[in-house]
Every structure is written in C-alpha cells, then in structure tokens.
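Asks: I'd like to ask some things about the structure below.
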Amino acid sequence: MSDLSRRKLFTAGLATAAGASGLAAASALAKRYGLVPPDHGGLYGLGETLTYAAQRVLTSHSMAREFPPSEISNPPFANPVAPFGDAYKRLQAGGFTGWRLSVDGMVARPGSFSIAELKTYPSRHQITHLACEEGWSYIAQWTGVPLSCVLEKAGVLPQAKYVAYFSIEPDWWDSIDMADALHPQTLVAYGMNGAELAPGLGGPLRMRVPRQLGYKNVKFITRLTVTDDLKRFGKGLGSSAPEEGYAWYAGI
Amino acid sequence: MSDAAWAATSAAAVPARAVAARHSALVRVTHWITTLCFLALLVTGVEILISHPRFYWGEAGNINTTPLFKIPIPASRASVPTGYGYVLPDQNGWSRYLHFQTAWVLVLTGLLYIISSLLRGHFRKNLLPAGADLSWRACATEIANHVRFKRPGAQEAWSYNLLQRLTYLVVVFVLFPLIIWTGLAMSPAIASVFPDTVSVLGGQQSARTIHFFVTLFLVLFLLVHIMMICLAGFKNRMRAMITGRADTNDKERL
C-alpha cells in the first residue's frame, strides 16, 4: 500500500470516528435537553429532530411577529369543520355557559374552568399571523388568557414536559412542549377581532400557538393534560397529526 | 482467442485513448447529492403546492383574498375553488416530512461544497470568469455560439465557457441561497427569530411566491443543463462527473 492511500485511509477512518462520536454526543445532548420530538422514529425522524432541536435552540426567547390593525385579514378564513357532534350542539344551545376547560395530569390542583372564569383572568390581545400547512394564511386579532396563567392556577409540577390539549370533537388533540406552553403569546383564545370567537373559527375556546402552523391550534378545546411522557397518549406520537402523517412539531 | 491476441485486436480497432482528471471527488459527490435532493424537493414541493395552487403578495392570503395569480390545476383540498369537479389525493404529510429532511441534506451538502471550494480555490480557478472573457466582444461571441447551437470544441471539455461560469455562479450564489431564505421565511418559528428576513421579502406570502419562482428558474436551469450536456457529448460529460476522468480524445458527438 502506498503512503498516499495509507494516509487517505487514515484520514477517512479518523473522519468516520469523529463523525460517529459527534453524532452520539449530539444525540445524548439532544435527549438531555428535551430536543427530540415524540415522532422521532421512522424514516423522517432525523430531519424532524434536526428541525425541532435547531428551532428550539433558536426560538428560546423569540416572540411571534405582531401586526398593526390595518393588516387584519377581512374576512378571516378557516377550513370548514366537520358537522358538530351532539355534545357541542348541546353546549352551543346553552350559549356555551356550560363549557368547561378541565386541567389534569401533573398539576397540584386539578380542576376545571368555565369560559366566564377564564375571562376574569388577565387577558392578552395580539394581532398575529396564522399560516396553514396548505399554504394559505390570515392575520387576526386574538383575545384570550395566556396558557401559562391557566397552568399557574392549576400549579404545574416541576417534572412537567408537555401539555396535551383535546377538542370536544373525537380524535382531535395535540400537544406542545413547556417552551411553547409557557410562552407569553400562547393563548387559550376566546375572542377574535373584538368579538366572541365564532364556532367556524374554533369558538368558544381554541388553543392559539402563534410560533407554529395552523394545525397546532386545536379548535373547541375542553381538556388540558400536563405530562412528562407523550407515549401514553394515542399512538404515542404526541398528537393526532402524526397519526395522519403530519409532523408533531410545526414551527416550519 | 488468447488474452494477448484479444488485446492486440482491440488495440488495433480502437484508437489509443487517454483519460485525464476532470472533476474533483468533492465536486462529483456534492453534485450528485444535490441532484437527488433537488429532485426530491421538486416532487414534494409540487405535492405541497397542489394543496393550495394560488399565490399572493404580502403577509397573508387565502381564498377570500385576491390572488396574484392561480395555477389552473385541480387542488388536493376541497376548500380551494379551482373550477374542477374533483379533488386530488392529499399527500402533504409525507411530502412535508421529506421536503424538510431533504432540505437539511441539501443545505449541509451546499455548505460543504462552498467551504471546501473556497479553501481549494475551486471558484477562483474554475468558475470566476477571467477578465478578458468578460469583454463585450468575448461575451457577444459566446452568446452567438450558444444561439447558433454551435457545439463546443474539444478544449472545452477541460474548462467552463463564460456563459457556463456565469450560470453556475448564479445558481450557487443567487438561486440556492434565495430558495433557502424564502423557504425559511415561511416558517413561523424562524419568522419569530428573524422577523426582518420576512418583511424584507414583502411578507410570508411573498416569500412563498418568490420560492415558487426560484423553483421555476432552477427547473429551467436543470433542463438547459441537461440539454447542453447532450449537445456537448453526453457520455464523456457523464463519465467526467461520475468517475472524475474525461477522455482526452473526445470524438463523441451525441
């Protein structure tokens, strides 16, 4: 073997070893700092993990852009929802006075809130962009109580890692990590453009996560669960979206 | 026939050929990874596009907004008014997963190519046009040769001509950075970290529209690139980009 090819072989071996140990170190670090998304298995797990980890590191203190009222899309647009189930219709007939948002899981004080109660907490108005993965978008003024405030009332335990939220409509749920759950712009929204949130747009209660795409903003929410492990929910992929082939993390 | 006799006959039948180094391993490997990535991004990008084949300018746009233009194709979502009586199957889930995973591979490959090319002087030696080539007369000759589909001489297998250099530079330093930038500008998380990179483009819908047009330019480049390779000698050019070596006695014409 000539000197040149021996040197090449040595360099290639060194590069491979460095690459492998780099990957192992990166994966250990990512697990330790919660940078691995629940749908990290499978063919696209590497890309998902890279995107989630990179965006989590970048967005630790970032705020979604807020716009002047002149930018509000009029009228707003939302994909049509399936016909409402009986549970929703019953509550709608009662003017949503019976609608409750329950909070359970890793909290000191599990319980539930009526919409009137949620409205007594400090509210936040924000004019933000909602983009659907399909390509369309709209800007609206959202009003609601920051999710962090609701979680504070319930007393989140320190080991909490995710908040899962469920629609009154079946098989419609999602979850976010604590970085998004405690973010000041993440709202349990009950108003849009100065009025009550209309049923077609997710009323009476909708999760609003402005640093992620539209499908993370689950409509008609009735339950929050604080957890440290998403494996116990559904198929263990973190939300109903990956069960239908969509990514759990939708910051992109 | 003995081996020696076979060798003697074939040597007589085929003129002596010499091969010489043409493309570095780095250029070849990054070229083919980029090719595969581009095709995957194109297919998945089209899949994502057909869920809403309308384009807007500004921050927001939806079916209640006047579009900048529409692509007259059926959509994969029933809520888009396309004029067609049917809806295409929705393939967005895996298309988005694959689009973003491939984008990572493309960006990392691109960084590897750019950094090592800078270190090894690839851009300076092979892609930056020499001063004399940039004279009006030289440019006019080069353009005239292309317009007349004049086939390149043998010496051109060993370096790039002026139009080729300029085109590759635009693809590497304008089109690819622009398509990555506009892709990132569509991400709500990235927009929250670098809001100016979105507003400079005119908004998130503008970014989507520019992303589409840059794709068209890249597809145009791909088609012309393949056409030129066929005109200049498909076998020898493919051989050079795969094995790294080209035939010095290239008589091949189509």
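Simple scheme: letters A, B, ... for chains in structure tokens order, numbers from 1 for residues in each chain, numbers from 1 for ligands in the order shown.
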Which residues, written as a PyMOL selection string, have at least one atom at most 7 Å from A:Gly214, with only C-alpha atoms counted and residues fewer than 6 positions away on the same chain left out?
Replies: chain A and resi 130-133
Asks: List every residue of chain A that has an atom at most 6 Å from any atom of chain B, giving for each one its closest atom pair and the distance in Å to one decimal, counting only C-alpha atoms, sorted by chain and then by ascending residue number, as a Markdown table.
Replies:
| residue | atom | partner | partner_atom | distance |
| --- | --- | --- | --- | --- |
| A:Gly47 | CA | B:Gln101 | CA | 4.1 |
| A:Ser62 | CA | B:Val193 | CA | 5.2 |
| A:Met63 | CA | B:Ser192 | CA | 5.2 |
| A:Ala64 | CA | B:Ser192 | CA | 4.4 |
| A:Arg65 | CA | B:Ser192 | CA | 5.8 |
| A:Glu134 | CA | B:Ser51 | CA | 5.4 |
| A:Gly135 | CA | B:His52 | CA | 5.8 |
| A:Trp136 | CA | B:Asn62 | CA | 4.7 |
| A:Ser137 | CA | B:Ala60 | CA | 5.1 |
| A:Tyr138 | CA | B:Ala60 | CA | 4.9 |
| A:Arg211 | CA | B:Ala189 | CA | 4.9 |
| A:Gln212 | CA | B:Pro188 | CA | 5.8 |
| A:Gly245 | CA | B:Gly93 | CA | 4.7 |
| A:Tyr246 | CA | B:Gly93 | CA | 4.5 |
| A:Gly251 | CA | B:Ala189 | CA | 4.9 |
| A:Ile252 | CA | B:Ser187 | CA | 4.1 |
Asks: I need the chosen residues saved as an mmCIF file, in the first residue's frame, with N, CA and C atoms.
Replies:
data_model
loop_
_atom_site.group_PDB
_atom_site.id
_atom_site.type_symbol
_atom_site.label_atom_id
_atom_site.label_comp_id
_atom_site.auth_asym_id
_atom_site.auth_seq_id
_atom_site.Cartn_x
_atom_site.Cartn_y
_atom_site.Cartn_z
ATOM 1 N N GLY A 47 -34.580 14.219 10.155
ATOM 2 C CA GLY A 47 -34.919 15.581 9.720
ATOM 3 C C GLY A 47 -35.779 16.286 10.752
ATOM 4 N N SER A 62 -37.797 34.010 21.472
ATOM 5 C CA SER A 62 -38.361 34.789 20.368
ATOM 6 C C SER A 62 -39.861 34.999 20.529
ATOM 7 N N MET A 63 -40.332 36.120 19.986
ATOM 8 C CA MET A 63 -41.760 36.435 20.013
ATOM 9 C C MET A 63 -42.288 36.414 18.582
ATOM 10 N N ALA A 64 -43.472 35.819 18.402
ATOM 11 C CA ALA A 64 -44.108 35.839 17.085
ATOM 12 C C ALA A 64 -44.355 37.298 16.696
ATOM 13 N N ARG A 65 -44.279 37.561 15.401
ATOM 14 C CA ARG A 65 -44.483 38.942 14.946
ATOM 15 C C ARG A 65 -45.914 39.381 15.245
ATOM 16 N N GLU A 134 -51.174 24.100 4.309
ATOM 17 C CA GLU A 134 -51.576 24.036 2.906
ATOM 18 C C GLU A 134 -50.995 25.190 2.093
ATOM 19 N N GLY A 135 -50.739 26.327 2.756
ATOM 20 C CA GLY A 135 -50.159 27.458 2.035
ATOM 21 C C GLY A 135 -50.887 28.774 2.248
ATOM 22 N N TRP A 136 -52.151 28.725 2.725
ATOM 23 C CA TRP A 136 -52.886 29.975 2.938
ATOM 24 C C TRP A 136 -52.667 30.479 4.351
ATOM 25 N N SER A 137 -53.075 31.715 4.591
ATOM 26 C CA SER A 137 -52.864 32.298 5.911
ATOM 27 C C SER A 137 -53.818 33.462 6.126
ATOM 28 N N TYR A 138 -53.966 33.899 7.369
ATOM 29 C CA TYR A 138 -54.678 35.141 7.655
ATOM 30 C C TYR A 138 -54.114 35.771 8.913
ATOM 31 N N ARG A 211 -46.297 30.593 17.164
ATOM 32 C CA ARG A 211 -44.997 30.265 16.567
ATOM 33 C C ARG A 211 -45.035 28.917 15.855
ATOM 34 N N GLN A 212 -46.239 28.329 15.739
ATOM 35 C CA GLN A 212 -46.359 27.086 14.982
ATOM 36 C C GLN A 212 -47.496 27.229 13.954
ATOM 37 N N GLY A 245 -50.008 11.315 9.478
ATOM 38 C CA GLY A 245 -48.860 11.524 8.604
ATOM 39 C C GLY A 245 -48.232 12.898 8.682
ATOM 40 N N TYR A 246 -48.687 13.740 9.611
ATOM 41 C CA TYR A 246 -48.122 15.093 9.724
ATOM 42 C C TYR A 246 -47.177 15.189 10.906
ATOM 43 N N GLY A 251 -43.231 24.164 13.675
ATOM 44 C CA GLY A 251 -42.664 25.516 13.655
ATOM 45 C C GLY A 251 -42.215 25.897 12.261
ATOM 46 N N ILE A 252 -42.296 24.938 11.333
ATOM 47 C CA ILE A 252 -41.810 25.169 9.975
ATOM 48 C C ILE A 252 -42.962 25.035 8.995
#
Asks: Check stretch 58-238 of chain B with DSSP on the backbone and list each residue it calls alpha helix (DSSP H), as a ChimeraX atom specification.
Replies: /B:92-120,122,136-147,162-170,176-185,188-193,195-199,204-238
Asks: Quick one: residues within 7 Å of B:Ala20, only C-alpha atoms, excluding same-chain residues fewer than 4 positions away - as a list in words?
Replies: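 Contacts, in chain order: Arg245, Ala246, Asp247 and Thr248 of chain B.
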Asks: I'd like the neighbourhood of A:Trp99 as a PDB file with C-alpha atoms, in the first residue's frame, where a residue qualifies if any of its atoms comes within 9 Å (using only C-alpha atoms), though same-chain residues fewer than 6 positions away should be ignored.
Replies:
ATOM      1  CA  TYR A  88     -71.019  20.517  21.132  1.00  0.00           C
ATOM      2  CA  LEU A  91     -73.446  23.338  24.881  1.00  0.00           C
ATOM      3  CA  GLN A  92     -73.975  25.712  21.961  1.00  0.00           C
ATOM      4  CA  PHE A 113     -62.710  26.469  34.383  1.00  0.00           C
ATOM      5  CA  SER A 114     -65.821  27.946  32.786  1.00  0.00           C
ATOM      6  CA  ILE A 115     -65.373  30.488  29.986  1.00  0.00           C
ATOM      7  CA  PRO A 204     -65.828  29.071  22.073  1.00  0.00           C
ATOM      8  CA  LEU A 205     -62.257  28.021  23.038  1.00  0.00           C
ATOM      9  CA  THR A 222     -62.259  21.121  26.656  1.00  0.00           C
TER      10      THR A 222
END
Asks: State, in Å with one decimal place, the distance from atom CA of A:Ser112 to atom CA of A:Pro170.
Replies: 19.5 Å
Asks: What does the structure give for the distance between atom CA of A:Pro76 and atom CA of A:His183, in Å to one decimal?
Replies: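 About the pair atom CA of A:Pro76 and atom CA of A:His183: they are 24.5 Å apart.
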Asks: Can you tell me which residues surround stretch 101-104 of chain A at a distance of at most 12 Å, considering only C-alpha atoms, apart from same-chain residues fewer than 2 positions away, and format the answer as a PyMOL selection string?
Replies: chain A and resi 96-99+106-118+147+150-157+160+163-168+188-190+204-207+220-227
Asks: Deliver the residues from the most recent selection as a file, using C-alpha atoms, as a PDB file, in the first residue's frame.
Replies:
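Saved file again-v3.pdb follows:
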ATOM      1  CA  PHE A  96     -71.650  27.844  25.982  1.00  0.00           C
ATOM      2  CA  THR A  97     -72.316  28.687  29.661  1.00  0.00           C
ATOM      3  CA  GLY A  98     -71.810  25.010  30.456  1.00  0.00           C
ATOM      4  CA  TRP A  99     -68.482  24.757  28.513  1.00  0.00           C
ATOM      5  CA  MET A 106     -49.063  16.721  36.611  1.00  0.00           C
ATOM      6  CA  VAL A 107     -50.704  19.623  38.398  1.00  0.00           C
ATOM      7  CA  ALA A 108     -51.103  20.351  42.114  1.00  0.00           C
ATOM      8  CA  ARG A 109     -54.743  21.452  41.767  1.00  0.00           C
ATOM      9  CA  PRO A 110     -56.640  19.585  39.032  1.00  0.00           C
ATOM     10  CA  GLY A 111     -59.947  21.199  38.215  1.00  0.00           C
ATOM     11  CA  SER A 112     -61.906  22.943  35.518  1.00  0.00           C
ATOM     12  CA  PHE A 113     -62.710  26.469  34.383  1.00  0.00           C
ATOM     13  CA  SER A 114     -65.821  27.946  32.786  1.00  0.00           C
ATOM     14  CA  ILE A 115     -65.373  30.488  29.986  1.00  0.00           C
ATOM     15  CA  ALA A 116     -66.664  33.222  32.323  1.00  0.00           C
ATOM     16  CA  GLU A 117     -63.947  32.296  34.830  1.00  0.00           C
ATOM     17  CA  LEU A 118     -61.244  32.321  32.147  1.00  0.00           C
ATOM     18  CA  LEU A 147     -51.976  29.298  28.784  1.00  0.00           C
ATOM     19  CA  VAL A 150     -54.171  28.747  33.422  1.00  0.00           C
ATOM     20  CA  LEU A 151     -51.244  26.428  34.198  1.00  0.00           C
ATOM     21  CA  GLU A 152     -50.195  28.652  37.080  1.00  0.00           C
ATOM     22  CA  LYS A 153     -53.718  28.463  38.592  1.00  0.00           C
ATOM     23  CA  ALA A 154     -53.529  24.676  38.396  1.00  0.00           C
ATOM     24  CA  GLY A 155     -49.979  24.554  39.770  1.00  0.00           C
ATOM     25  CA  VAL A 156     -47.771  22.721  37.262  1.00  0.00           C
ATOM     26  CA  LEU A 157     -45.372  20.237  38.848  1.00  0.00           C
ATOM     27  CA  ALA A 160     -43.847  18.519  33.543  1.00  0.00           C
ATOM     28  CA  VAL A 163     -49.154  19.999  27.723  1.00  0.00           C
ATOM     29  CA  ALA A 164     -51.613  17.925  25.704  1.00  0.00           C
ATOM     30  CA  TYR A 165     -54.932  19.509  24.714  1.00  0.00           C
ATOM     31  CA  PHE A 166     -58.097  17.889  23.448  1.00  0.00           C
ATOM     32  CA  SER A 167     -61.010  19.058  21.316  1.00  0.00           C
ATOM     33  CA  ILE A 168     -64.595  18.167  22.218  1.00  0.00           C
ATOM     34  CA  VAL A 188     -56.433  29.840  25.366  1.00  0.00           C
ATOM     35  CA  ALA A 189     -58.315  32.089  22.955  1.00  0.00           C
ATOM     36  CA  TYR A 190     -61.991  33.045  23.281  1.00  0.00           C
ATOM     37  CA  PRO A 204     -65.828  29.071  22.073  1.00  0.00           C
ATOM     38  CA  LEU A 205     -62.257  28.021  23.038  1.00  0.00           C
ATOM     39  CA  ARG A 206     -59.248  27.424  20.860  1.00  0.00           C
ATOM     40  CA  MET A 207     -55.571  26.882  21.539  1.00  0.00           C
ATOM     41  CA  PHE A 220     -63.137  23.574  20.619  1.00  0.00           C
ATOM     42  CA  ILE A 221     -60.790  22.570  23.464  1.00  0.00           C
ATOM     43  CA  THR A 222     -62.259  21.121  26.656  1.00  0.00           C
ATOM     44  CA  ARG A 223     -59.291  19.448  28.344  1.00  0.00           C
ATOM     45  CA  LEU A 224     -55.629  20.099  29.133  1.00  0.00           C
ATOM     46  CA  THR A 225     -53.325  17.379  30.470  1.00  0.00           C
ATOM     47  CA  VAL A 226     -49.867  18.140  31.807  1.00  0.00           C
ATOM     48  CA  THR A 227     -47.447  15.249  31.390  1.00  0.00           C
TER      49      THR A 227
END
Asks: Nearest residue to A:Pro80 out of A:Met178, A:Ala195, A:Ala247, A:Leu201, using only C-alpha atoms?
Replies: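 For A:Pro80, the nearest of the candidates is A:Leu201.
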Asks: Near B:Pro129, within 8 Å and counting only C-alpha atoms, which residues show up once chain neighbours fewer than 6 positions away are dropped, as a list of chain:residue names?
Replies: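 Counting only the stated atoms, we get B:Leu162, B:Arg165, B:Leu166.
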Asks: Dump N, CA and C atoms for the selected residues as a compact mmCIF listing (two decimals), in the first residue's frame?
Replies:
# COMPACT_ATOMS: atom_id res chain seq x y z
N LEU B 162 -17.68 30.98 -20.74
CA LEU B 162 -18.13 32.15 -19.98
C LEU B 162 -19.57 32.02 -19.49
N ARG B 165 -19.88 29.51 -16.75
CA ARG B 165 -19.36 30.01 -15.46
C ARG B 165 -20.36 30.93 -14.79
N LEU B 166 -20.90 31.88 -15.59
CA LEU B 166 -21.83 32.84 -15.01
C LEU B 166 -23.09 32.12 -14.51
Asks: How far is it from atom CA of B:Met227 to atom CA of B:Phe149, in Å with one decimal?
Replies: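 Taking atom CA of B:Met227 and atom CA of B:Phe149, their separation equals 10.6 Å.
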Asks: Out of A:Lys235, A:Gly94, A:Lys161, A:Pro122, which residue has the shortest atom-to-atom distance to A:Cys149 when counting only C-alpha atoms?
Replies: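 Among the listed residues, the smallest separation from A:Cys149 belongs to A:Pro122.
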Asks: I'd like the neighbourhood of B:Leu128 as a count of residues only, where a residue qualifies if any of its atoms comes within 9 Å (using only C-alpha atoms), though same-chain residues fewer than 2 positions away should be ignored.
Replies: 10
